[in-house]
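Structure, as structure tokens:
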Amino acid sequence: MKTKYISLLLFAAIVTLTTACATVPLAQQELDIRAKNMTPPSNKALLYVYRNAIFVGSAVAMDIYIDGNSVGQLAEKTYLVVVLEPGKHKLSQYRDESIRATNYHPLNVKAGNKYYVRVSAAVPPKETLVLGGLEKTDFLAGYSLINESEEPLQIVSGKIKDRDVPSSTSTSSLLAQASASDIDELPPIKTAQNRNAYAIIIGIEHYRQKLPRADFAVADANTVAAYLTKVLGYPEENVVTLLNDRALQSDLTKYFEKWLQNNAEKGSTVFIYYSGHGAPSIKSGDAFLVPYDGDPSFIEQTGYSLKRLYKNLSTLPAKEIIVALDSCFSGAGGRSVIAKGSRPLVMNLQTNVVLPKNTTVLSASSGDQTSSAYEEKGHGLFTYFMLKGIKTENIVAQDGSIKISDLFHYIKPNVERIARKHYNTEQTPQLISQ
């Protein structure tokens with residue numbers, strides 16, 4: 001499925017903006033997660049329209065129209081989702097094209113694709129509102145879905161399609177059908193907030209070097225972050241989420257080697273989660289995380305080795321460190337890559353590194369295996385069962401701690417079963433500790 005980025009350049013008078021509604025209600029977080037993980041319905045396209053910060057007053061809302069139909073209002077750092085029929089459409093801030101014809105931006109969409117339009121506001125000297133720019137999909141990390149009272153709109157032949165679902169059907173249930181993942185609905189577990197819990201969550205689906213896509217890595221990271229903050233008691237300000245081009249090698253270095261050192265204290269709990277490609281070093285045999293700017297042909301220079309990660313974690317005064325890796329490191333495919341022309345390696349993650357005594361690693365696969373995506377659930381196979389176990393297996397204590405051995409004994413047979421049954425492959429998760 002391809003993703004398209006659309007640059008929208010529209011002009012309007014400031015007075016028009018200031019007459020808009022001043023508030024935009026937001027959807028619940030569970031609905032927001034589902035919307036971000038949606039896939040286009042059959043023979044349709046998905047359009048995400050999102051708005052960055054505004055410089056003329058953050059409380060001012062902006063109307064958005066497609067083919068003359070109102071599809072919602074956007075405040076800063078919000079977005080909406082529209083289902084589009086393949087073909088040509090027009091997007092604007094105005095309902096009536098005659099108001100300002102140049103403000104209509106043409107869209108030509110194809111079935112099965114996702115499209116992203118950024119709406120931005122500025123104030124040039126002549127008091128003109130400028131909507132425009134080009135930005136990648138990492139908006140998913142910091143933007144909130146607007147609270148639509150009905151199902152996601154469907155635009156067909158220039159008109160809003162009559163709903164073919166009962167009027168009582170909620171947006172939540174429709175999006176749940178689109179994403180088809182039960183773990184995206186957070187469990188009703190209530191744990192005490194732990195002010196001394198810290199996490200770094202990384203999801204890299206697309207890479208600068210045009211590497212194979214790591215399917216659902218962004219959805220994995222967003223959902224893990226939601227479980228930590230809404231279920232396991234991690235304060236939101238203590239959770240760093242790095243997605244796609246926000247996960248450069250320099251970002252990993254900064255947060256692993258400086259941010260954690262500055263924040264983790266005696267008695268802290270630290271959670272590290274990575275969803276994306278791994279790679280082996282042909283020279284040393286070490287396993288590497290592949291940052292957004294990583295190059296498997298120069299992995300020693302552009303990657304971030306597990307050996308380096310564990311060495312830095314060993315200096316923390318934390319009482320417990322959990323590392324979860326939905327990746328593989330052999331270079332044999334799946335969520336792993338390797339230098340061009342090289343052969344896959346058999347990686348033994350248990351003998352190639354020395355773990356700190358307070359650290360436990362959950363890894364998606366072992367040896368020369370690959371890590372699969374669970375397509376029908378919209379997540380990595382390992383991540384799906386990790387979160388499913390947290391949700392259903394009564395392994396979360398009142399203080400938010402997890403019984404890791406119990407969780408692993410749930411993950412391992414389920415991942416092995418689905419990998420063998422659905423993908424005709426072997427995938428055996430590992431539990432590594434001192």
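Chain identifiers are assigned as A, B, and so on, following the order in which chains appear in the structure tokens; residues are numbered from 1 within each chain, and ligands are numbered from 1 in order of appearance.
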* Asked: Counting only C-alpha atoms, what is within 9 Å of Lys36 (chain A), bar same-chain residues fewer than 5 positions away, as a count of residues only?
  -> 6
* Report as a PyMOL selection string: the residues of region 322-419 of chain A with a DSSP assignment of strand (DSSP E), based on the backbone of this structure. => chain A and resi 322-326+359-363+373-374+379-380
Same residues, N, CA, C and O atoms, saved as an mmCIF file, in the first residue's frame:
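That gives us again_39.cif:
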```cif
data_model
loop_
_atom_site.group_PDB
_atom_site.id
_atom_site.type_symbol
_atom_site.label_atom_id
_atom_site.label_comp_id
_atom_site.auth_asym_id
_atom_site.auth_seq_id
_atom_site.Cartn_x
_atom_site.Cartn_y
_atom_site.Cartn_z
ATOM 1 N N ILE A 322 13.436 -3.382 31.167
ATOM 2 C CA ILE A 322 12.829 -4.331 30.233
ATOM 3 C C ILE A 322 13.068 -3.820 28.821
ATOM 4 O O ILE A 322 12.789 -2.656 28.514
ATOM 5 N N VAL A 323 13.594 -4.684 27.959
ATOM 6 C CA VAL A 323 13.831 -4.348 26.559
ATOM 7 C C VAL A 323 12.995 -5.306 25.708
ATOM 8 O O VAL A 323 13.140 -6.522 25.822
ATOM 9 N N ALA A 324 12.125 -4.754 24.864
ATOM 10 C CA ALA A 324 11.297 -5.561 23.971
ATOM 11 C C ALA A 324 11.652 -5.208 22.532
ATOM 12 O O ALA A 324 11.574 -4.040 22.130
ATOM 13 N N LEU A 325 12.051 -6.201 21.753
ATOM 14 C CA LEU A 325 12.543 -5.987 20.394
ATOM 15 C C LEU A 325 11.671 -6.733 19.394
ATOM 16 O O LEU A 325 11.738 -7.962 19.288
ATOM 17 N N ASP A 326 10.804 -5.997 18.674
ATOM 18 C CA ASP A 326 10.051 -6.619 17.584
ATOM 19 C C ASP A 326 10.855 -6.405 16.311
ATOM 20 O O ASP A 326 10.565 -5.540 15.478
ATOM 21 N N THR A 359 18.397 -6.472 33.933
ATOM 22 C CA THR A 359 17.802 -6.286 32.602
ATOM 23 C C THR A 359 17.241 -7.595 32.061
ATOM 24 O O THR A 359 17.890 -8.636 32.142
ATOM 25 N N THR A 360 16.047 -7.503 31.475
ATOM 26 C CA THR A 360 15.413 -8.630 30.798
ATOM 27 C C THR A 360 15.073 -8.224 29.376
ATOM 28 O O THR A 360 14.558 -7.126 29.145
ATOM 29 N N VAL A 361 15.384 -9.091 28.423
ATOM 30 C CA VAL A 361 15.124 -8.808 27.013
ATOM 31 C C VAL A 361 14.093 -9.792 26.476
ATOM 32 O O VAL A 361 14.239 -11.004 26.638
ATOM 33 N N LEU A 362 13.056 -9.246 25.855
ATOM 34 C CA LEU A 362 12.095 -10.041 25.094
ATOM 35 C C LEU A 362 12.358 -9.767 23.624
ATOM 36 O O LEU A 362 12.258 -8.619 23.170
ATOM 37 N N SER A 363 12.720 -10.802 22.883
ATOM 38 C CA SER A 363 13.037 -10.634 21.469
ATOM 39 C C SER A 363 12.055 -11.430 20.619
ATOM 40 O O SER A 363 11.628 -12.523 21.001
ATOM 41 N N ALA A 373 4.992 -9.823 10.381
ATOM 42 C CA ALA A 373 3.885 -8.915 10.669
ATOM 43 C C ALA A 373 2.597 -9.732 10.695
ATOM 44 O O ALA A 373 2.427 -10.662 9.904
ATOM 45 N N TYR A 374 1.714 -9.414 11.628
ATOM 46 C CA TYR A 374 0.419 -10.086 11.726
ATOM 47 C C TYR A 374 -0.576 -9.213 10.978
ATOM 48 O O TYR A 374 -1.236 -8.347 11.551
ATOM 49 N N HIS A 379 -0.456 -5.306 13.237
ATOM 50 C CA HIS A 379 0.681 -5.137 14.151
ATOM 51 C C HIS A 379 1.741 -6.181 13.842
ATOM 52 O O HIS A 379 1.493 -7.150 13.104
ATOM 53 N N GLY A 380 2.934 -5.993 14.403
ATOM 54 C CA GLY A 380 3.906 -7.057 14.377
ATOM 55 C C GLY A 380 3.372 -8.251 15.160
ATOM 56 O O GLY A 380 2.659 -8.090 16.155
#
```
* **Pairwise distance for CA of Pro291 (chain A) and CA of Thr370 (chain A), rounded to one decimal in Å** =>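 Atom-to-atom, CA of Pro291 (chain A) to CA of Thr370 (chain A), that is 18.4 Å.
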* Name the closest residue to Ala225 (chain A) among the candidates A:Asp368, A:Glu426, A:Glu237, A:Asp251; distances are taken between atoms, counting only C-alpha atoms. =>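 Using only C-alpha atoms, Ala225 (chain A) sits closest to A:Glu237.
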* Asked: From the list A:Phe329, A:Trp259, A:Tyr207, A:Tyr65, which residue is nearest Gly294 (chain A) when using only C-alpha atoms?
  ->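 Between A:Phe329, A:Trp259, A:Tyr207, A:Tyr65, the residue approaching Gly294 (chain A) most closely is A:Tyr207.
Note that CA of Tyr227 (chain A) and CA of Leu243 (chain A) are 16.7 Å apart.
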* To do: Pick out the residues sitting within 12 Å of Ser275 (chain A), and hand them over as a PyMOL selection string; count only C-alpha atoms, and ignore anything fewer than 4 positions along from it in its own chain.
  => chain A and resi 200-206+213-224+241-244+247+289-292+323-328+334-336+363-364+371-373+379-384
Could you save those same residues with C-alpha atoms as a PDB file, in the first residue's frame?
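Printed below is result-v5.pdb as written:
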```pdb
ATOM      1  CA  ILE A 200      11.710   5.006  25.125  1.00  0.00           C
ATOM      2  CA  ILE A 201       9.436   3.742  22.342  1.00  0.00           C
ATOM      3  CA  ILE A 202      10.766   3.486  18.768  1.00  0.00           C
ATOM      4  CA  GLY A 203       8.795   2.629  15.634  1.00  0.00           C
ATOM      5  CA  ILE A 204      10.455   2.868  12.213  1.00  0.00           C
ATOM      6  CA  GLU A 205       8.321   1.813   9.279  1.00  0.00           C
ATOM      7  CA  HIS A 206      10.000   3.784   6.469  1.00  0.00           C
ATOM      8  CA  ARG A 213       9.077  -1.290   4.760  1.00  0.00           C
ATOM      9  CA  ALA A 214       8.791  -2.604   8.317  1.00  0.00           C
ATOM     10  CA  ASP A 215       5.030  -3.094   8.210  1.00  0.00           C
ATOM     11  CA  PHE A 216       2.988  -1.722  11.133  1.00  0.00           C
ATOM     12  CA  ALA A 217       6.021  -0.500  13.092  1.00  0.00           C
ATOM     13  CA  VAL A 218       4.424   2.910  13.712  1.00  0.00           C
ATOM     14  CA  ALA A 219       1.151   1.314  14.809  1.00  0.00           C
ATOM     15  CA  ASP A 220       3.145  -0.944  17.128  1.00  0.00           C
ATOM     16  CA  ALA A 221       4.939   1.979  18.763  1.00  0.00           C
ATOM     17  CA  ASN A 222       1.832   4.118  19.175  1.00  0.00           C
ATOM     18  CA  THR A 223      -0.124   1.290  20.774  1.00  0.00           C
ATOM     19  CA  VAL A 224       2.713   0.301  23.109  1.00  0.00           C
ATOM     20  CA  THR A 241       8.129   8.080  21.332  1.00  0.00           C
ATOM     21  CA  LEU A 242      10.378   8.222  18.263  1.00  0.00           C
ATOM     22  CA  LEU A 243       8.770   7.478  14.888  1.00  0.00           C
ATOM     23  CA  ASN A 244      10.324   7.224  11.422  1.00  0.00           C
ATOM     24  CA  ALA A 247      14.433   8.106  15.095  1.00  0.00           C
ATOM     25  CA  LEU A 289      19.168  -1.607  15.465  1.00  0.00           C
ATOM     26  CA  VAL A 290      18.690   0.231  12.170  1.00  0.00           C
ATOM     27  CA  PRO A 291      17.788   3.906  12.745  1.00  0.00           C
ATOM     28  CA  TYR A 292      15.824   5.875  10.143  1.00  0.00           C
ATOM     29  CA  VAL A 323      13.831  -4.348  26.559  1.00  0.00           C
ATOM     30  CA  ALA A 324      11.297  -5.561  23.971  1.00  0.00           C
ATOM     31  CA  LEU A 325      12.543  -5.987  20.394  1.00  0.00           C
ATOM     32  CA  ASP A 326      10.051  -6.619  17.584  1.00  0.00           C
ATOM     33  CA  SER A 327      12.853  -7.066  15.098  1.00  0.00           C
ATOM     34  CA  CYS A 328      15.294  -9.688  13.861  1.00  0.00           C
ATOM     35  CA  GLY A 334      11.141  -9.927   7.696  1.00  0.00           C
ATOM     36  CA  ARG A 335      12.187  -7.119  10.033  1.00  0.00           C
ATOM     37  CA  SER A 336      15.871  -7.400   9.208  1.00  0.00           C
ATOM     38  CA  SER A 363      13.037 -10.634  21.469  1.00  0.00           C
ATOM     39  CA  ALA A 364      10.652 -11.460  18.629  1.00  0.00           C
ATOM     40  CA  SER A 371      10.021 -11.561  12.521  1.00  0.00           C
ATOM     41  CA  SER A 372       6.602 -11.536  10.898  1.00  0.00           C
ATOM     42  CA  ALA A 373       3.885  -8.915  10.669  1.00  0.00           C
ATOM     43  CA  HIS A 379       0.681  -5.137  14.151  1.00  0.00           C
ATOM     44  CA  GLY A 380       3.906  -7.057  14.377  1.00  0.00           C
ATOM     45  CA  LEU A 381       3.201 -10.668  15.369  1.00  0.00           C
ATOM     46  CA  PHE A 382       5.363 -10.439  18.492  1.00  0.00           C
ATOM     47  CA  THR A 383       3.937  -7.045  19.538  1.00  0.00           C
ATOM     48  CA  TYR A 384       0.370  -8.228  19.063  1.00  0.00           C
TER      49      TYR A 384
END
```
